$ cat structure.pdb   # PDB, C-alpha atoms
ATOM      1  CA  PHE A 728    -120.753  13.470 213.065  1.00  0.00           C
ATOM      2  CA  ALA A 729    -120.408  10.188 211.171  1.00  0.00           C
ATOM      3  CA  LYS A 730    -124.177   9.740 211.070  1.00  0.00           C
ATOM      4  CA  GLY A 731    -124.607  13.265 209.753  1.00  0.00           C
ATOM      5  CA  LEU A 732    -121.966  12.730 207.093  1.00  0.00           C
ATOM      6  CA  ALA A 733    -123.560   9.456 205.974  1.00  0.00           C
ATOM      7  CA  ALA A 734    -126.996  11.050 205.838  1.00  0.00           C
ATOM      8  CA  GLY A 735    -125.609  13.893 203.753  1.00  0.00           C
ATOM      9  CA  ALA A 736    -123.924  11.475 201.357  1.00  0.00           C
ATOM     10  CA  LEU A 737    -127.130   9.474 201.041  1.00  0.00           C
ATOM     11  CA  ALA A 738    -129.161  12.573 200.298  1.00  0.00           C
ATOM     12  CA  TRP A 739    -126.588  13.764 197.772  1.00  0.00           C
ATOM     13  CA  GLY A 740    -126.459  10.394 196.014  1.00  0.00           C
ATOM     14  CA  ALA A 741    -130.249  10.194 195.856  1.00  0.00           C
ATOM     15  CA  THR A 742    -130.384  13.731 194.483  1.00  0.00           C
ATOM     16  CA  VAL A 743    -127.832  12.930 191.781  1.00  0.00           C
ATOM     17  CA  LEU A 744    -129.711   9.837 190.685  1.00  0.00           C
ATOM     18  CA  ALA A 745    -133.033  11.658 190.762  1.00  0.00           C
ATOM     19  CA  LEU A 746    -131.669  14.463 188.622  1.00  0.00           C
ATOM     20  CA  LEU A 747    -130.193  12.061 186.099  1.00  0.00           C
ATOM     21  CA  THR A 748    -133.239   9.827 185.734  1.00  0.00           C
ATOM     22  CA  PRO A 749    -134.463   9.427 183.115  1.00  0.00           C
ATOM     23  CA  LYS A 750    -133.163  11.758 180.433  1.00  0.00           C
ATOM     24  CA  VAL A 751    -134.408  10.918 176.935  1.00  0.00           C
ATOM     25  CA  HIS A 752    -132.397  12.259 174.033  1.00  0.00           C
ATOM     26  CA  GLU A 753    -133.799  12.380 170.533  1.00  0.00           C
ATOM     27  CA  ALA A 754    -131.867  11.383 167.420  1.00  0.00           C
ATOM     28  CA  GLN A 755    -130.395  14.142 165.276  1.00  0.00           C
ATOM     29  CA  THR A 756    -128.761  12.643 162.184  1.00  0.00           C
ATOM     30  CA  VAL A 757    -129.177   8.849 161.956  1.00  0.00           C
ATOM     31  CA  PRO A 758    -132.492   7.485 160.629  1.00  0.00           C
ATOM     32  CA  GLU A 759    -134.520   5.597 163.223  1.00  0.00           C
ATOM     33  CA  SER A 760    -134.269   2.327 161.292  1.00  0.00           C
ATOM     34  CA  GLU A 761    -130.460   2.441 161.385  1.00  0.00           C
ATOM     35  CA  TYR A 762    -130.036   2.971 165.111  1.00  0.00           C
ATOM     36  CA  ARG A 763    -128.789   0.246 167.411  1.00  0.00           C
ATOM     37  CA  HIS A 764    -129.365   0.321 171.147  1.00  0.00           C
ATOM     38  CA  LEU A 765    -126.861  -0.375 173.900  1.00  0.00           C
ATOM     39  CA  VAL A 766    -128.068  -0.795 177.467  1.00  0.00           C
ATOM     40  CA  ILE A 767    -125.315  -0.791 180.097  1.00  0.00           C
ATOM     41  CA  ALA A 768    -126.382  -2.543 183.297  1.00  0.00           C
ATOM     42  CA  LEU A 769    -123.854  -1.067 185.702  1.00  0.00           C
ATOM     43  CA  ASP A 770    -123.093  -2.461 189.151  1.00  0.00           C
ATOM     44  CA  VAL A 771    -122.796   0.543 191.487  1.00  0.00           C
ATOM     45  CA  SER A 772    -122.551  -1.437 194.753  1.00  0.00           C
ATOM     46  CA  PRO A 773    -119.892  -0.429 197.325  1.00  0.00           C
ATOM     47  CA  SER A 774    -117.672  -3.360 196.325  1.00  0.00           C
ATOM     48  CA  MET A 775    -117.202  -1.692 192.930  1.00  0.00           C
ATOM     49  CA  ARG A 776    -115.177   0.997 194.731  1.00  0.00           C
ATOM     50  CA  LEU A 777    -112.533  -1.461 195.946  1.00  0.00           C
ATOM     51  CA  ASN A 778    -109.012  -1.100 194.514  1.00  0.00           C
ATOM     52  CA  ASP A 779    -108.030  -4.418 192.935  1.00  0.00           C
ATOM     53  CA  ALA A 780    -108.741  -4.001 189.227  1.00  0.00           C
ATOM     54  CA  GLY A 781    -106.721  -3.510 186.068  1.00  0.00           C
ATOM     55  CA  PRO A 782    -103.389  -5.016 184.983  1.00  0.00           C
ATOM     56  CA  ASP A 783    -101.609  -3.709 188.102  1.00  0.00           C
ATOM     57  CA  ALA A 784    -104.591  -4.036 190.469  1.00  0.00           C
ATOM     58  CA  ALA A 785    -104.259  -0.275 191.038  1.00  0.00           C
ATOM     59  CA  LEU A 786    -107.721   0.808 189.882  1.00  0.00           C
ATOM     60  CA  THR A 787    -111.080   0.621 191.559  1.00  0.00           C
ATOM     61  CA  ARG A 788    -113.446  -1.809 189.914  1.00  0.00           C
ATOM     62  CA  MET A 789    -115.536   1.117 188.715  1.00  0.00           C
ATOM     63  CA  GLN A 790    -112.508   2.837 187.191  1.00  0.00           C
ATOM     64  CA  ARG A 791    -111.691  -0.388 185.374  1.00  0.00           C
ATOM     65  CA  ALA A 792    -115.286  -0.582 184.171  1.00  0.00           C
ATOM     66  CA  ARG A 793    -114.922   2.882 182.686  1.00  0.00           C
ATOM     67  CA  GLU A 794    -111.690   1.871 180.924  1.00  0.00           C
ATOM     68  CA  VAL A 795    -113.330  -1.171 179.384  1.00  0.00           C
ATOM     69  CA  LEU A 796    -116.346   0.800 178.229  1.00  0.00           C
ATOM     70  CA  GLU A 797    -114.148   3.550 176.796  1.00  0.00           C
ATOM     71  CA  SER A 798    -112.383   0.865 174.768  1.00  0.00           C
ATOM     72  CA  PHE A 799    -115.763  -0.302 173.512  1.00  0.00           C
ATOM     73  CA  PHE A 800    -116.771   3.229 172.517  1.00  0.00           C
ATOM     74  CA  GLU A 801    -113.516   3.605 170.567  1.00  0.00           C
ATOM     75  CA  ARG A 802    -113.981   0.328 168.669  1.00  0.00           C
ATOM     76  CA  VAL A 803    -117.586   0.710 167.508  1.00  0.00           C
ATOM     77  CA  ALA A 804    -119.414   3.341 165.511  1.00  0.00           C
ATOM     78  CA  VAL A 805    -120.892   4.776 168.681  1.00  0.00           C
ATOM     79  CA  GLN A 806    -122.706   7.491 166.707  1.00  0.00           C
ATOM     80  CA  GLN A 807    -124.961   4.722 165.387  1.00  0.00           C
ATOM     81  CA  TYR A 808    -125.994   3.718 168.897  1.00  0.00           C
ATOM     82  CA  ARG A 809    -128.449   5.085 171.378  1.00  0.00           C
ATOM     83  CA  LEU A 810    -127.089   4.532 174.853  1.00  0.00           C
ATOM     84  CA  SER A 811    -128.864   3.741 178.106  1.00  0.00           C
ATOM     85  CA  VAL A 812    -127.503   3.122 181.590  1.00  0.00           C
ATOM     86  CA  VAL A 813    -129.250   1.132 184.306  1.00  0.00           C
ATOM     87  CA  ALA A 814    -127.588   1.390 187.736  1.00  0.00           C
ATOM     88  CA  PHE A 815    -128.098  -1.511 190.111  1.00  0.00           C
ATOM     89  CA  TYR A 816    -127.235  -2.382 193.692  1.00  0.00           C
ATOM     90  CA  THR A 817    -129.981  -3.688 195.994  1.00  0.00           C
ATOM     91  CA  ALA A 818    -132.479  -2.586 193.331  1.00  0.00           C
ATOM     92  CA  ALA A 819    -132.156  -1.072 189.864  1.00  0.00           C
ATOM     93  CA  LYS A 820    -132.938   2.287 188.327  1.00  0.00           C
ATOM     94  CA  PRO A 821    -132.513   3.701 184.801  1.00  0.00           C
ATOM     95  CA  VAL A 822    -130.150   6.668 184.926  1.00  0.00           C
ATOM     96  CA  VAL A 823    -130.312   7.695 181.269  1.00  0.00           C
ATOM     97  CA  VAL A 824    -132.412   6.221 178.467  1.00  0.00           C
ATOM     98  CA  ASP A 825    -131.676   6.315 174.738  1.00  0.00           C
ATOM     99  CA  THR A 826    -129.165   9.128 174.576  1.00  0.00           C
ATOM    100  CA  ASN A 827    -126.973   9.737 171.535  1.00  0.00           C
ATOM    101  CA  ASP A 828    -124.572  11.802 173.651  1.00  0.00           C
ATOM    102  CA  VAL A 829    -121.724   9.580 174.847  1.00  0.00           C
ATOM    103  CA  GLU A 830    -120.541  12.346 177.194  1.00  0.00           C
ATOM    104  CA  VAL A 831    -123.664  11.849 179.295  1.00  0.00           C
ATOM    105  CA  VAL A 832    -122.677   8.216 179.763  1.00  0.00           C
ATOM    106  CA  ARG A 833    -119.062   9.129 180.521  1.00  0.00           C
ATOM    107  CA  ASN A 834    -120.280  11.448 183.252  1.00  0.00           C
ATOM    108  CA  ILE A 835    -122.232   8.613 184.863  1.00  0.00           C
ATOM    109  CA  LEU A 836    -119.172   6.360 184.705  1.00  0.00           C
ATOM    110  CA  ASP A 837    -116.984   9.000 186.334  1.00  0.00           C
ATOM    111  CA  ASP A 838    -117.136   7.400 189.784  1.00  0.00           C
ATOM    112  CA  LEU A 839    -120.412   8.977 190.910  1.00  0.00           C
ATOM    113  CA  PRO A 840    -121.337   7.445 194.306  1.00  0.00           C
ATOM    114  CA  LEU A 841    -124.703   6.193 193.075  1.00  0.00           C
ATOM    115  CA  HIS A 842    -124.782   3.421 195.684  1.00  0.00           C
ATOM    116  CA  HIS A 843    -125.954   6.076 198.169  1.00  0.00           C
ATOM    117  CA  ALA A 844    -129.268   6.222 196.298  1.00  0.00           C
ATOM    118  CA  PHE A 845    -130.102   2.609 197.220  1.00  0.00           C
ATOM    119  CA  LYS A 846    -130.830   0.818 200.470  1.00  0.00           C
ATOM    120  CA  VAL A 847    -127.830  -0.961 201.969  1.00  0.00           C
ATOM    121  CA  GLY A 848    -127.843  -4.705 201.406  1.00  0.00           C
ATOM    122  CA  LYS A 849    -126.932  -7.491 199.043  1.00  0.00           C
ATOM    123  CA  THR A 850    -126.265  -6.707 195.390  1.00  0.00           C
ATOM    124  CA  ASP A 851    -129.094  -7.842 193.115  1.00  0.00           C
ATOM    125  CA  LEU A 852    -127.611  -8.341 189.654  1.00  0.00           C
ATOM    126  CA  PHE A 853    -130.877  -9.809 188.397  1.00  0.00           C
ATOM    127  CA  ALA A 854    -132.654  -6.568 189.316  1.00  0.00           C
ATOM    128  CA  GLY A 855    -130.288  -4.826 186.909  1.00  0.00           C
ATOM    129  CA  LEU A 856    -131.029  -7.350 184.167  1.00  0.00           C
ATOM    130  CA  THR A 857    -134.775  -7.091 184.755  1.00  0.00           C
ATOM    131  CA  LYS A 858    -134.714  -3.302 184.519  1.00  0.00           C
ATOM    132  CA  ALA A 859    -132.490  -3.429 181.415  1.00  0.00           C
ATOM    133  CA  ALA A 860    -135.002  -5.784 179.796  1.00  0.00           C
ATOM    134  CA  GLU A 861    -137.851  -3.399 180.662  1.00  0.00           C
ATOM    135  CA  VAL A 862    -135.978  -0.479 179.095  1.00  0.00           C
ATOM    136  CA  ALA A 863    -135.267  -2.469 175.912  1.00  0.00           C
ATOM    137  CA  LYS A 864    -138.690  -4.080 175.494  1.00  0.00           C
ATOM    138  CA  PRO A 865    -140.323  -1.402 173.239  1.00  0.00           C
ATOM    139  CA  TRP A 866    -137.506  -1.381 170.685  1.00  0.00           C
ATOM    140  CA  ASN A 867    -137.277  -3.218 167.357  1.00  0.00           C
ATOM    141  CA  PRO A 868    -136.426  -6.939 167.350  1.00  0.00           C
ATOM    142  CA  ASN A 869    -132.701  -7.748 167.490  1.00  0.00           C
ATOM    143  CA  SER A 870    -131.778  -4.079 167.799  1.00  0.00           C
ATOM    144  CA  THR A 871    -130.287  -4.110 171.284  1.00  0.00           C
ATOM    145  CA  THR A 872    -127.147  -5.238 173.070  1.00  0.00           C
ATOM    146  CA  ILE A 873    -127.195  -5.446 176.856  1.00  0.00           C
ATOM    147  CA  LEU A 874    -123.782  -5.018 178.428  1.00  0.00           C
ATOM    148  CA  VAL A 875    -123.536  -6.050 182.081  1.00  0.00           C
ATOM    149  CA  VAL A 876    -120.592  -4.701 184.094  1.00  0.00           C
ATOM    150  CA  SER A 877    -120.139  -6.170 187.563  1.00  0.00           C
ATOM    151  CA  ASP A 878    -117.727  -7.865 189.946  1.00  0.00           C
ATOM    152  CA  GLY A 879    -120.266 -10.672 190.344  1.00  0.00           C
ATOM    153  CA  ASP A 880    -119.830 -10.374 194.089  1.00  0.00           C
ATOM    154  CA  SER A 881    -123.400 -11.567 194.699  1.00  0.00           C
ATOM    155  CA  VAL A 882    -125.363 -13.496 192.056  1.00  0.00           C
ATOM    156  CA  PRO A 883    -128.600 -15.389 192.865  1.00  0.00           C
ATOM    157  CA  PRO A 884    -128.712 -19.099 191.945  1.00  0.00           C
ATOM    158  CA  SER A 885    -132.134 -18.782 190.282  1.00  0.00           C
ATOM    159  CA  GLY A 886    -134.620 -16.270 188.904  1.00  0.00           C
ATOM    160  CA  MET A 887    -132.914 -15.351 185.632  1.00  0.00           C
ATOM    161  CA  PRO A 888    -134.939 -12.607 183.876  1.00  0.00           C
ATOM    162  CA  ARG A 889    -136.140 -13.253 180.318  1.00  0.00           C
ATOM    163  CA  MET A 890    -134.908 -10.921 177.627  1.00  0.00           C
ATOM    164  CA  PRO A 891    -137.405  -9.377 175.178  1.00  0.00           C
ATOM    165  CA  ALA A 892    -137.279  -9.863 171.399  1.00  0.00           C
ATOM    166  CA  SER A 893    -135.444  -6.559 171.038  1.00  0.00           C
ATOM    167  CA  VAL A 894    -132.323  -8.004 172.691  1.00  0.00           C
ATOM    168  CA  ARG A 895    -129.917  -9.572 170.233  1.00  0.00           C
ATOM    169  CA  ASP A 896    -126.792  -9.937 172.382  1.00  0.00           C
ATOM    170  CA  VAL A 897    -125.855  -9.990 176.046  1.00  0.00           C
ATOM    171  CA  VAL A 898    -122.242  -9.331 177.034  1.00  0.00           C
ATOM    172  CA  VAL A 899    -121.117  -9.793 180.643  1.00  0.00           C
ATOM    173  CA  ILE A 900    -117.925  -8.033 181.742  1.00  0.00           C
ATOM    174  CA  GLY A 901    -116.295  -8.930 185.049  1.00  0.00           C
ATOM    175  CA  VAL A 902    -114.035  -6.511 186.917  1.00  0.00           C
ATOM    176  CA  GLY A 903    -111.912  -6.968 190.010  1.00  0.00           C
ATOM    177  CA  ASP A 904    -109.384  -9.500 191.250  1.00  0.00           C
ATOM    178  CA  PRO A 905    -110.782 -13.037 190.765  1.00  0.00           C
ATOM    179  CA  THR A 906    -108.394 -14.609 193.276  1.00  0.00           C
ATOM    180  CA  ALA A 907    -107.302 -12.522 196.264  1.00  0.00           C
ATOM    181  CA  GLY A 908    -110.060  -9.921 196.356  1.00  0.00           C
ATOM    182  CA  ARG A 909    -110.490  -7.253 199.047  1.00  0.00           C
ATOM    183  CA  PHE A 910    -112.296  -7.120 202.375  1.00  0.00           C
ATOM    184  CA  ILE A 911    -115.480  -5.096 202.762  1.00  0.00           C
ATOM    185  CA  ASP A 912    -118.090  -5.299 205.533  1.00  0.00           C
ATOM    186  CA  GLY A 913    -116.171  -8.111 207.203  1.00  0.00           C
ATOM    187  CA  ARG A 914    -116.041 -10.407 204.179  1.00  0.00           C
ATOM    188  CA  ASN A 915    -113.771 -11.026 201.231  1.00  0.00           C
ATOM    189  CA  SER A 916    -115.100  -9.600 197.981  1.00  0.00           C
ATOM    190  CA  ARG A 917    -113.677 -10.731 194.664  1.00  0.00           C
ATOM    191  CA  GLN A 918    -114.759 -11.079 191.068  1.00  0.00           C
ATOM    192  CA  ASP A 919    -116.891 -14.221 190.837  1.00  0.00           C
ATOM    193  CA  VAL A 920    -115.856 -15.436 187.406  1.00  0.00           C
ATOM    194  CA  THR A 921    -117.901 -18.625 187.602  1.00  0.00           C
ATOM    195  CA  ALA A 922    -121.105 -16.825 188.538  1.00  0.00           C
ATOM    196  CA  LEU A 923    -120.694 -14.217 185.808  1.00  0.00           C
ATOM    197  CA  ARG A 924    -119.959 -16.897 183.228  1.00  0.00           C
ATOM    198  CA  GLN A 925    -123.124 -18.737 184.260  1.00  0.00           C
ATOM    199  CA  VAL A 926    -125.150 -15.548 183.903  1.00  0.00           C
ATOM    200  CA  ALA A 927    -123.795 -15.061 180.374  1.00  0.00           C
ATOM    201  CA  LEU A 928    -124.436 -18.686 179.382  1.00  0.00           C
ATOM    202  CA  ARG A 929    -127.968 -18.699 180.760  1.00  0.00           C
ATOM    203  CA  LEU A 930    -128.737 -15.572 178.729  1.00  0.00           C
ATOM    204  CA  GLY A 931    -127.161 -16.997 175.580  1.00  0.00           C
ATOM    205  CA  GLY A 932    -124.445 -14.348 175.745  1.00  0.00           C
ATOM    206  CA  VAL A 933    -120.705 -14.140 176.308  1.00  0.00           C
TER     207      VAL A 933
END

$ encode --input "structure.pdb" --output "structure tokens"
Amino acid sequence: FAKGLAAGALAWGATVLALLTPKVHEAQTVPESEYRHLVIALDVSPSMRLNDAGPDAALTRMQRAREVLESFFERVAVQQYRLSVVAFYTAAKPVVVDTNDVEVVRNILDDLPLHHAFKVGKTDLFAGLTKAAEVAKPWNPNSTTILVVSDGDSVPPSGMPRMPASVRDVVVIGVGDPTAGRFIDGRNSRQDVTALRQVALRLGGV
């Protein structure tokens, strides 16, 4: 029964990701020259579903990610942005590219089990960065912000992807408990603050 349930979940997750990828939305009101681009590289690994995030450690890491991104959407003129989401786990895949509909992004952030669409294994944050860079490459110079959201549970020591000229800023957001963490697959998973900070510094970001 368990194998059947897992297979069903995997098929469902793959179907969801396939249906969402990639949707391209055209601009309606803002001139092309005035648009900014935001690419969200979103960690969808199983550790992002652990409950140890937020002020009271009562949220999953993914729920906390949504809260942080909602705060971002409220603080900026989001109507002047085209939004893209790249999901990453053991590999990376664009889920939506250049939409001006923030509700599409909210739907993706609403705890969809996208990890089922990837092979099980070690999280590859650099795969997410590489795919984000590929998505952003055709755009105008200095027009793009890449926002990485992850618990930093697994970050390679080398192989940092290069960002194209279109990328002006890189912002790395860590979620999850940086001290106690939670157990998953027989190991303790926690936000790796040091690793995420190093990623930001090596990309010239924050």

$ resolve_selection --input "structure.pdb" --expression "the PyMOL selection byres ((chain A and resi 889) around 12)" --output "PyMOL selection string"
chain A and resi 853-854+856-861+863-864+886-888+890-894+897+926+929-931

$ residues_around --input "structure.pdb" --residues "segment 796-805 of chain A" --least-positions-apart "4" --cutoff "12 Å" --atoms "all atoms listed in the file" --output "number ranges by chain"
A: 757, 761-769, 789-792, 809-810, 812, 826-830, 832-837, 874-876, 898-902

$ closest_residue --input "structure.pdb" --among "A:Val920, A:Leu928, A:Val831, A:Ala907" --to "Asn778 of chain A" --atoms "all atoms listed in the file"
A:Ala907

$ closest_residue --input "structure.pdb" --among "A:Met775, A:Val847, A:Ala927, A:Val862" --to "Asp825 of chain A" --atoms "all atoms listed in the file"
A:Val862

$ atom_distance --input "structure.pdb" --atom1 "atom CA of Gly932 of chain A" --atom2 "atom CA of Phe845 of chain A"
27.9 Å

$ atom_distance --input "structure.pdb" --atom1 "atom CA of Ser772 of chain A" --atom2 "atom CA of Ala922 of chain A"
16.7 Å

$ atom_distance --input "structure.pdb" --atom1 "atom CA of Ser916 of chain A" --atom2 "atom CA of Gly781 of chain A"
15.8 Å

$ closest_residue --input "structure.pdb" --among "A:Thr850, A:Thr906, A:Ser877, A:Asn867" --to "Ala784 of chain A" --atoms "all atoms listed in the file"
A:Thr906

$ closest_residue --input "structure.pdb" --among "A:Arg793, A:Arg924, A:Arg788, A:Lys846" --to "Ser774 of chain A" --atoms "only C-alpha atoms"
A:Arg788

$ axis_aligned_box --input "structure.pdb" --around "segment 819-838 of chain A" --padding-each-side "8 Å" --output "AutoDock Vina command-line options"
--center_x -125.0 --center_y 5.6 --center_z 180.7 --size_x 32.0 --size_y 29.4 --size_z 34.3

$ closest_residue --input "structure.pdb" --among "A:Ile873, A:Val933, A:Leu777, A:Leu852" --to "Phe815 of chain A" --atoms "all atoms listed in the file"
A:Leu852

$ decode --input "structure.pdb" --residues "segment 782-792 of chain A" --atoms "all heavy atoms" --output "short mmCIF file (atom, residue, chain, number, x, y, z; two decimals), in the first residue's frame"
data_model
loop_
_atom_site.label_atom_id
_atom_site.label_comp_id
_atom_site.auth_asym_id
_atom_site.auth_seq_id
_atom_site.Cartn_x
_atom_site.Cartn_y
_atom_site.Cartn_z
N PRO A 782 8.64 32.89 14.07
CA PRO A 782 8.96 33.37 15.43
C PRO A 782 8.71 32.33 16.51
O PRO A 782 9.44 32.27 17.50
CB PRO A 782 8.04 34.59 15.59
CG PRO A 782 7.75 35.04 14.21
CD PRO A 782 7.72 33.81 13.36
N ASP A 783 7.67 31.51 16.35
CA ASP A 783 7.33 30.50 17.35
C ASP A 783 7.71 29.08 16.91
O ASP A 783 7.29 28.11 17.55
CB ASP A 783 5.83 30.55 17.66
CG ASP A 783 5.39 31.91 18.17
OD1 ASP A 783 6.13 32.49 18.99
OD2 ASP A 783 4.33 32.39 17.74
N ALA A 784 8.47 28.97 15.83
CA ALA A 784 8.88 27.67 15.29
C ALA A 784 7.67 26.76 15.04
O ALA A 784 7.74 25.55 15.18
CB ALA A 784 9.86 26.98 16.23
N ALA A 785 6.54 27.37 14.66
CA ALA A 785 5.30 26.62 14.47
C ALA A 785 4.96 26.39 13.00
O ALA A 785 4.01 25.68 12.69
CB ALA A 785 4.14 27.35 15.15
N LEU A 786 5.72 27.00 12.11
CA LEU A 786 5.45 26.90 10.68
C LEU A 786 6.41 25.94 10.01
O LEU A 786 7.53 25.73 10.49
CB LEU A 786 5.59 28.28 10.02
CG LEU A 786 4.72 29.41 10.54
CD1 LEU A 786 5.09 30.71 9.84
CD2 LEU A 786 3.24 29.11 10.36
N THR A 787 5.97 25.37 8.88
CA THR A 787 6.94 24.65 8.07
C THR A 787 7.86 25.69 7.43
O THR A 787 7.53 26.88 7.33
CB THR A 787 6.27 23.83 6.96
OG1 THR A 787 5.68 24.71 6.00
CG2 THR A 787 5.22 22.89 7.53
N ARG A 788 9.00 25.23 6.99
CA ARG A 788 9.94 26.15 6.33
C ARG A 788 9.33 26.74 5.07
O ARG A 788 9.56 27.91 4.75
CB ARG A 788 11.24 25.42 6.03
CG ARG A 788 11.93 24.94 7.31
CD ARG A 788 13.13 24.06 7.03
NE ARG A 788 13.64 23.49 8.28
CZ ARG A 788 14.69 22.68 8.37
NH1 ARG A 788 15.34 22.31 7.27
NH2 ARG A 788 15.08 22.21 9.55
N MET A 789 8.53 25.96 4.36
CA MET A 789 7.88 26.47 3.17
C MET A 789 6.81 27.50 3.51
O MET A 789 6.66 28.51 2.81
CB MET A 789 7.25 25.32 2.37
CG MET A 789 6.70 25.74 1.01
SD MET A 789 7.98 26.39 -0.10
CE MET A 789 8.78 24.86 -0.59
N GLN A 790 6.06 27.29 4.57
CA GLN A 790 5.08 28.28 5.00
C GLN A 790 5.76 29.59 5.38
O GLN A 790 5.26 30.67 5.08
CB GLN A 790 4.27 27.73 6.18
CG GLN A 790 3.29 26.64 5.79
CD GLN A 790 2.69 25.93 6.99
OE1 GLN A 790 3.23 25.97 8.10
NE2 GLN A 790 1.57 25.26 6.77
N ARG A 791 6.90 29.48 6.05
CA ARG A 791 7.66 30.68 6.40
C ARG A 791 8.17 31.38 5.14
O ARG A 791 8.17 32.62 5.06
CB ARG A 791 8.83 30.32 7.31
CG ARG A 791 9.68 31.51 7.73
CD ARG A 791 8.88 32.56 8.46
NE ARG A 791 9.74 33.61 8.97
CZ ARG A 791 9.31 34.78 9.42
NH1 ARG A 791 8.00 35.05 9.43
NH2 ARG A 791 10.16 35.68 9.87
N ALA A 792 8.59 30.60 4.16
CA ALA A 792 9.04 31.18 2.90
C ALA A 792 7.92 31.99 2.26
O ALA A 792 8.14 33.10 1.76
CB ALA A 792 9.51 30.08 1.95
#
